file final_2.cif (mmCIF, C-alpha atoms)
data_start
loop_
_atom_site.label_atom_id
_atom_site.label_comp_id
_atom_site.auth_asym_id
_atom_site.auth_seq_id
_atom_site.Cartn_x
_atom_site.Cartn_y
_atom_site.Cartn_z
CA MET B 1 -6.56 6.62 -16.80
CA LYS B 2 -7.65 5.16 -13.49
CA ASN B 3 -8.00 8.54 -11.71
CA ILE B 4 -6.97 7.14 -8.33
CA SER B 5 -5.72 9.52 -5.64
CA MET B 6 -4.52 9.05 -2.08
CA ILE B 7 -4.87 11.48 0.80
CA ALA B 8 -3.09 11.24 4.14
CA ALA B 9 -1.42 13.21 6.91
CA ILE B 10 2.01 11.78 7.69
CA GLY B 11 4.82 12.50 10.10
CA LYS B 12 8.57 12.66 9.40
CA ASN B 13 8.76 8.84 9.42
CA ASN B 14 5.53 8.32 7.45
CA GLU B 15 3.54 7.85 10.67
CA LEU B 16 -0.18 7.60 10.01
CA GLY B 17 -1.94 6.51 13.15
CA LYS B 18 -2.03 4.61 16.39
CA ASN B 19 -4.73 2.39 17.91
CA ASN B 20 -6.97 2.90 14.85
CA ASP B 21 -6.97 6.69 15.30
CA LEU B 22 -5.22 9.67 13.78
CA ILE B 23 -2.07 10.84 15.54
CA TRP B 24 -2.63 14.51 14.79
CA HIS B 25 -5.97 16.28 14.98
CA ILE B 26 -5.25 19.55 13.19
CA LYS B 27 -8.41 21.51 12.44
CA GLU B 28 -7.06 23.04 9.20
CA ASP B 29 -5.87 19.64 7.99
CA LEU B 30 -9.27 18.08 8.61
CA GLN B 31 -10.74 20.96 6.57
CA PHE B 32 -8.20 20.24 3.79
CA PHE B 33 -9.28 16.58 3.83
CA LYS B 34 -12.93 17.61 3.55
CA GLU B 35 -12.23 20.01 0.66
CA GLN B 36 -10.25 17.42 -1.29
CA THR B 37 -12.70 14.55 -0.79
CA MET B 38 -16.11 16.27 -0.93
CA GLY B 39 -18.31 14.90 -3.70
CA LYS B 40 -15.88 12.08 -4.50
CA PRO B 41 -15.96 8.38 -3.62
CA VAL B 42 -13.74 7.61 -0.62
CA VAL B 43 -12.08 4.20 -0.51
CA MET B 44 -11.04 2.66 2.78
CA GLY B 45 -10.50 -0.54 4.68
CA ILE B 46 -12.93 -1.77 7.31
CA LYS B 47 -10.80 -0.49 10.21
CA THR B 48 -10.83 3.02 8.77
CA LEU B 49 -14.60 2.84 8.35
CA GLU B 50 -14.93 1.72 11.97
CA SER B 51 -12.74 4.62 13.11
CA LEU B 52 -15.05 7.23 11.58
CA PRO B 53 -17.49 8.85 14.00
CA LYS B 54 -20.15 8.62 11.25
CA LEU B 55 -20.37 8.29 7.47
CA LEU B 56 -18.77 11.29 5.78
CA PRO B 57 -21.51 13.51 4.31
CA GLY B 58 -21.40 14.24 0.58
CA ARG B 59 -19.18 11.28 -0.28
CA LYS B 60 -19.82 7.76 -1.57
CA HIS B 61 -18.15 5.21 0.73
CA ILE B 62 -16.34 2.21 -0.74
CA VAL B 63 -14.89 -0.41 1.60
CA LEU B 64 -12.18 -2.71 0.29
CA THR B 65 -12.23 -5.93 2.33
CA ARG B 66 -11.93 -9.68 1.82
CA ARG B 67 -14.59 -10.28 4.49
CA ASN B 68 -18.30 -10.66 3.82
CA LEU B 69 -19.91 -7.94 5.88
CA GLU B 70 -23.33 -6.51 6.54
CA LEU B 71 -22.86 -2.74 6.34
CA ASP B 72 -25.03 0.29 5.77
CA PRO B 73 -26.69 -0.28 2.35
CA SER B 74 -25.24 2.99 1.06
CA ILE B 75 -21.70 1.60 1.40
CA LEU B 76 -20.28 -0.16 -1.63
CA ILE B 77 -18.22 -3.22 -0.68
CA MET B 78 -15.43 -4.45 -2.95
CA HIS B 79 -13.57 -7.67 -2.25
CA SER B 80 -10.38 -7.20 -4.28
CA LYS B 81 -7.99 -4.63 -5.63
CA GLU B 82 -8.91 -5.84 -9.13
CA GLU B 83 -12.60 -5.15 -8.51
CA LEU B 84 -11.73 -1.63 -7.35
CA LEU B 85 -9.51 -1.03 -10.41
CA GLU B 86 -12.33 -2.18 -12.70
CA TYR B 87 -14.67 0.25 -10.94
CA ALA B 88 -12.10 3.05 -11.39
CA LEU B 89 -11.85 2.37 -15.12
CA THR B 90 -15.62 2.41 -15.63
CA HIS B 91 -16.30 5.50 -13.49
CA LYS B 92 -14.78 8.84 -14.43
CA GLU B 93 -14.80 10.34 -10.94
CA GLU B 94 -11.62 10.66 -8.89
CA LEU B 95 -11.41 7.89 -6.29
CA MET B 96 -9.87 9.06 -3.01
CA ILE B 97 -7.99 6.40 -1.05
CA ILE B 98 -8.27 7.48 2.61
CA GLY B 99 -6.66 4.55 4.46
CA GLY B 100 -5.66 2.62 6.32
CA ALA B 101 -2.10 1.49 5.92
CA SER B 102 -2.88 -1.82 4.19
CA ILE B 103 -5.11 -0.08 1.61
CA TYR B 104 -2.42 2.54 0.95
CA ASN B 105 0.12 -0.27 0.49
CA GLN B 106 -2.15 -2.11 -1.95
CA MET B 107 -2.91 1.02 -3.98
CA ILE B 108 0.34 3.06 -3.96
CA ASP B 109 1.41 1.69 -7.36
CA GLU B 110 -2.01 2.49 -8.85
CA ALA B 111 -2.30 6.09 -7.66
CA ASP B 112 -1.92 8.98 -10.11
CA THR B 113 -2.03 11.68 -7.42
CA MET B 114 -1.30 11.95 -3.70
CA TYR B 115 -2.50 14.76 -1.45
CA LEU B 116 -0.17 14.61 1.53
CA THR B 117 -0.04 16.70 4.64
CA GLU B 118 3.58 16.40 5.69
CA ILE B 119 3.87 17.14 9.39
CA ASP B 120 7.22 18.31 10.73
CA ALA B 121 7.11 16.03 13.76
CA GLU B 122 7.65 12.45 14.87
CA ALA B 123 5.17 10.42 16.87
CA GLU B 124 4.64 6.95 18.21
CA ALA B 125 2.64 5.01 15.62
CA ASP B 126 1.51 1.51 14.78
CA CYS B 127 0.69 2.14 11.11
CA TYR B 128 2.62 3.95 8.42
CA PHE B 129 2.14 5.38 4.94
CA PRO B 130 4.14 3.33 2.40
CA GLU B 131 7.59 4.45 1.34
CA PHE B 132 7.61 5.84 -2.21
CA ASN B 133 10.30 7.02 -4.59
CA LYS B 134 9.97 10.82 -4.75
CA GLU B 135 11.91 10.77 -8.05
CA GLU B 136 8.82 9.21 -9.68
CA TRP B 137 6.60 12.10 -8.62
CA GLU B 138 6.37 15.84 -9.24
CA SER B 139 5.43 17.67 -6.07
CA THR B 140 3.81 21.06 -5.57
CA ILE B 141 3.46 22.74 -2.20
CA LEU B 142 -0.11 23.97 -1.90
CA CYS B 143 0.44 25.81 1.39
CA GLU B 144 2.71 25.84 4.41
CA HIS B 145 1.66 26.30 8.02
CA ASN B 146 4.77 27.46 9.85
CA ASP B 147 2.94 29.19 12.68
CA ASN B 148 1.42 25.94 13.92
CA ASP B 149 2.83 23.45 16.37
CA PRO B 150 3.62 21.16 14.76
CA LYS B 151 4.52 22.86 11.49
CA TYR B 152 3.12 21.18 8.39
CA LYS B 153 2.52 21.66 4.68
CA HIS B 154 0.00 20.43 2.15
CA LEU B 155 1.52 18.96 -1.01
CA VAL B 156 0.15 17.39 -4.13
CA TYR B 157 2.24 14.71 -5.81
CA LYS B 158 1.55 13.84 -9.46
CA ARG B 159 3.06 10.70 -10.96
CA LYS B 160 5.57 11.57 -13.69
#

call {"tool": "encode", "arguments": {"input": "final_2.cif", "output": "structure tokens"}}
result
Amino acid sequence: MKNISMIAAIGKNNELGKNNDLIWHIKEDLQFFKEQTMGKPVVMGIKTLESLPKLLPGRKHIVLTRRNLELDPSILIMHSKEELLEYALTHKEELMIIGGASIYNQMIDEADTMYLTEIDAEAEADCYFPEFNKEEWESTILCEHNDNDPKYKHLVYKRK
């Protein structure tokens, strides 16, 4: 088993972000992200890394990019999906794919689990989470936040 998971907050139309930033900044959702990713390697593209205010404490950072880059020495750089999959097979820890859109698109068929915050709203976006067939996944609602504006819920999807 590869033990690859994805985590994202998406709108009604799978909106992810705009101008290399999150659309929604919901305190409880950011806490959910922290709880799900703490102590695990987080995998991202270079744009997502650049969008972070700083390296995320308590997590190993893996950047998937074709470019040769000089980054913080603590960041592991991988140059192909195949290299990342090999890493996943040789390391038992759960890899958390945290974005952006191109990384989600590359890895959607490899993921075993998805932690999605589904936000009951639409927004202008320039990047989207990939479409996926919900028939191929079992979903469990972890919690619903109906008192918030916008309303949202945390779900975990497990591949059937």

call {"tool": "resolve_selection", "arguments": {"input": "final_2.cif", "expression": "the PyMOL selection byres ((chain B and resi 48) around 10)", "output": "list in words"}}
result
Asn20, Asp21, Val43, Met44, Gly45, Ile46, Lys47, Leu49, Glu50, Ser51, Leu52, Val63, Ile98, Gly99, Gly100, Ala101 and Ile103 of chain B

call {"tool": "atom_distance", "arguments": {"input": "final_2.cif", "atom1": "atom CA of Val156 of chain B", "atom2": "atom CA of Glu15 of chain B"}}
result
17.9 Å

call {"tool": "closest_residue", "arguments": {"input": "final_2.cif", "among": "B:Glu124, B:Glu136, B:Glu82, B:Glu94", "to": "Lys158 of chain B", "atoms": "all atoms listed in the file"}}
result
B:Glu136

call {"tool": "atom_distance", "arguments": {"input": "final_2.cif", "atom1": "atom CA of Ile4 of chain B", "atom2": "atom CA of Leu76 of chain B"}}
result
16.6 Å

call {"tool": "closest_residue", "arguments": {"input": "final_2.cif", "among": "B:Leu16, B:Met78, B:Leu89, B:Ala111", "to": "Arg66 of chain B", "atoms": "all atoms listed in the file"}}
result
B:Met78

call {"tool": "atom_distance", "arguments": {"input": "final_2.cif", "atom1": "atom CA of Ala9 of chain B", "atom2": "atom CA of Glu118 of chain B"}}
result
6.1 Å

call {"tool": "closest_atom_pairs", "arguments": {"input": "final_2.cif", "of": "segment 63-110 of chain B", "to": "segment 23-41 of chain B", "cutoff": "12 Å", "atoms": "all atoms listed in the file", "output": "JSON lines"}}
result
{"residue": "B:Val63", "atom": "CA", "partner": "B:Pro41", "partner_atom": "CA", "distance": 10.3}
{"residue": "B:Ser74", "atom": "CA", "partner": "B:Pro41", "partner_atom": "CA", "distance": 11.7}
{"residue": "B:Ile75", "atom": "CA", "partner": "B:Pro41", "partner_atom": "CA", "distance": 10.2}
{"residue": "B:Leu76", "atom": "CA", "partner": "B:Pro41", "partner_atom": "CA", "distance": 9.8}
{"residue": "B:Leu84", "atom": "CA", "partner": "B:Pro41", "partner_atom": "CA", "distance": 11.5}
{"residue": "B:Tyr87", "atom": "CA", "partner": "B:Pro41", "partner_atom": "CA", "distance": 11.0}
{"residue": "B:Ala88", "atom": "CA", "partner": "B:Pro41", "partner_atom": "CA", "distance": 10.2}
{"residue": "B:His91", "atom": "CA", "partner": "B:Pro41", "partner_atom": "CA", "distance": 10.3}
{"residue": "B:Lys92", "atom": "CA", "partner": "B:Lys40", "partner_atom": "CA", "distance": 10.5}
{"residue": "B:Glu93", "atom": "CA", "partner": "B:Lys40", "partner_atom": "CA", "distance": 6.8}
{"residue": "B:Glu94", "atom": "CA", "partner": "B:Lys40", "partner_atom": "CA", "distance": 6.3}
{"residue": "B:Leu95", "atom": "CA", "partner": "B:Pro41", "partner_atom": "CA", "distance": 5.3}
{"residue": "B:Met96", "atom": "CA", "partner": "B:Pro41", "partner_atom": "CA", "distance": 6.2}
{"residue": "B:Ile97", "atom": "CA", "partner": "B:Pro41", "partner_atom": "CA", "distance": 8.6}
{"residue": "B:Ile98", "atom": "CA", "partner": "B:Thr37", "partner_atom": "CA", "distance": 9.0}

call {"tool": "residues_around", "arguments": {"input": "final_2.cif", "residues": "Asp120 of chain B", "least_positions_apart": "3", "cutoff": "7 Å", "atoms": "all atoms listed in the file", "output": "PyMOL selection string"}}
result
chain B and resi 11-12+150-152

call {"tool": "resolve_selection", "arguments": {"input": "final_2.cif", "expression": "the PyMOL selection byres ((chain B and resi 157) around 12)", "output": "PyMOL selection string"}}
result
chain B and resi 5-8+108+111-118+132-142+154-156+158-160

call {"tool": "closest_residue", "arguments": {"input": "final_2.cif", "among": "B:Asn13, B:Asn68, B:Gln106, B:Asn19", "to": "Ala123 of chain B", "atoms": "all atoms listed in the file"}}
result
B:Asn13

call {"tool": "resolve_selection", "arguments": {"input": "final_2.cif", "expression": "the PyMOL selection byres ((chain B and resi 79) around 8)", "output": "ChimeraX atom specification"}}
result
/B:64-67,77-78,80-81,83

call {"tool": "closest_residue", "arguments": {"input": "final_2.cif", "among": "B:Asp109, B:Glu86, B:Asp149, B:Asp126", "to": "Leu22 of chain B", "atoms": "all atoms listed in the file"}}
result
B:Asp126

call {"tool": "closest_residue", "arguments": {"input": "final_2.cif", "among": "B:Ile10, B:Lys2, B:Ile119, B:Asp72", "to": "Lys54 of chain B", "atoms": "all atoms listed in the file"}}
result
B:Asp72

call {"tool": "closest_residue", "arguments": {"input": "final_2.cif", "among": "B:Lys18, B:Glu144, B:Asn3, B:Glu110", "to": "Ala125 of chain B", "atoms": "all atoms listed in the file"}}
result
B:Lys18

call {"tool": "decode", "arguments": {"input": "final_2.cif", "residues": "segment 46-94 of chain B", "atoms": "C-alpha atoms", "output": "tab-separated table (two decimals), in the first residue's frame"}}
result
chain	number	residue	atom	x	y	z
B	46	ILE	CA	6.69	24.79	-5.71
B	47	LYS	CA	3.86	27.35	-5.94
B	48	THR	CA	2.24	25.93	-2.81
B	49	LEU	CA	5.58	26.06	-1.00
B	50	GLU	CA	5.98	29.69	-2.06
B	51	SER	CA	2.48	30.50	-0.79
B	52	LEU	CA	3.28	29.31	2.75
B	53	PRO	CA	4.20	32.07	5.20
B	54	LYS	CA	6.91	29.74	6.57
B	55	LEU	CA	7.74	26.04	6.69
B	56	LEU	CA	5.05	24.12	8.56
B	57	PRO	CA	6.41	23.07	11.97
B	58	GLY	CA	6.40	19.36	12.83
B	59	ARG	CA	6.17	18.19	9.22
B	60	LYS	CA	8.70	17.02	6.64
B	61	HIS	CA	8.32	19.04	3.43
B	62	ILE	CA	8.53	17.33	0.04
B	63	VAL	CA	8.36	19.44	-3.12
B	64	LEU	CA	7.43	17.74	-6.38
B	65	THR	CA	8.88	19.77	-9.26
B	66	ARG	CA	10.64	19.22	-12.57
B	67	ARG	CA	12.87	22.25	-11.93
B	68	ASN	CA	16.29	22.14	-10.30
B	69	LEU	CA	15.97	24.41	-7.30
B	70	GLU	CA	18.05	25.57	-4.38
B	71	LEU	CA	15.71	25.30	-1.38
B	72	ASP	CA	16.05	25.05	2.37
B	73	PRO	CA	18.19	21.91	2.99
B	74	SER	CA	15.43	20.42	5.14
B	75	ILE	CA	13.10	20.24	2.11
B	76	LEU	CA	13.20	17.03	0.10
B	77	ILE	CA	12.93	17.67	-3.64
B	78	MET	CA	11.50	15.02	-5.96
B	79	HIS	CA	11.50	15.44	-9.71
B	80	SER	CA	8.81	12.96	-10.80
B	81	LYS	CA	5.63	11.27	-9.72
B	82	GLU	CA	7.48	7.95	-10.02
B	83	GLU	CA	10.17	9.10	-7.59
B	84	LEU	CA	7.46	10.11	-5.11
B	85	LEU	CA	5.66	6.76	-5.50
B	86	GLU	CA	8.93	4.91	-4.87
B	87	TYR	CA	9.42	6.99	-1.72
B	88	ALA	CA	5.86	6.17	-0.62
B	89	LEU	CA	6.47	2.44	-1.04
B	90	THR	CA	9.70	2.50	0.97
B	91	HIS	CA	8.40	4.71	3.80
B	92	LYS	CA	5.50	3.55	5.94
B	93	GLU	CA	4.30	7.01	6.97
B	94	GLU	CA	1.18	8.56	5.46
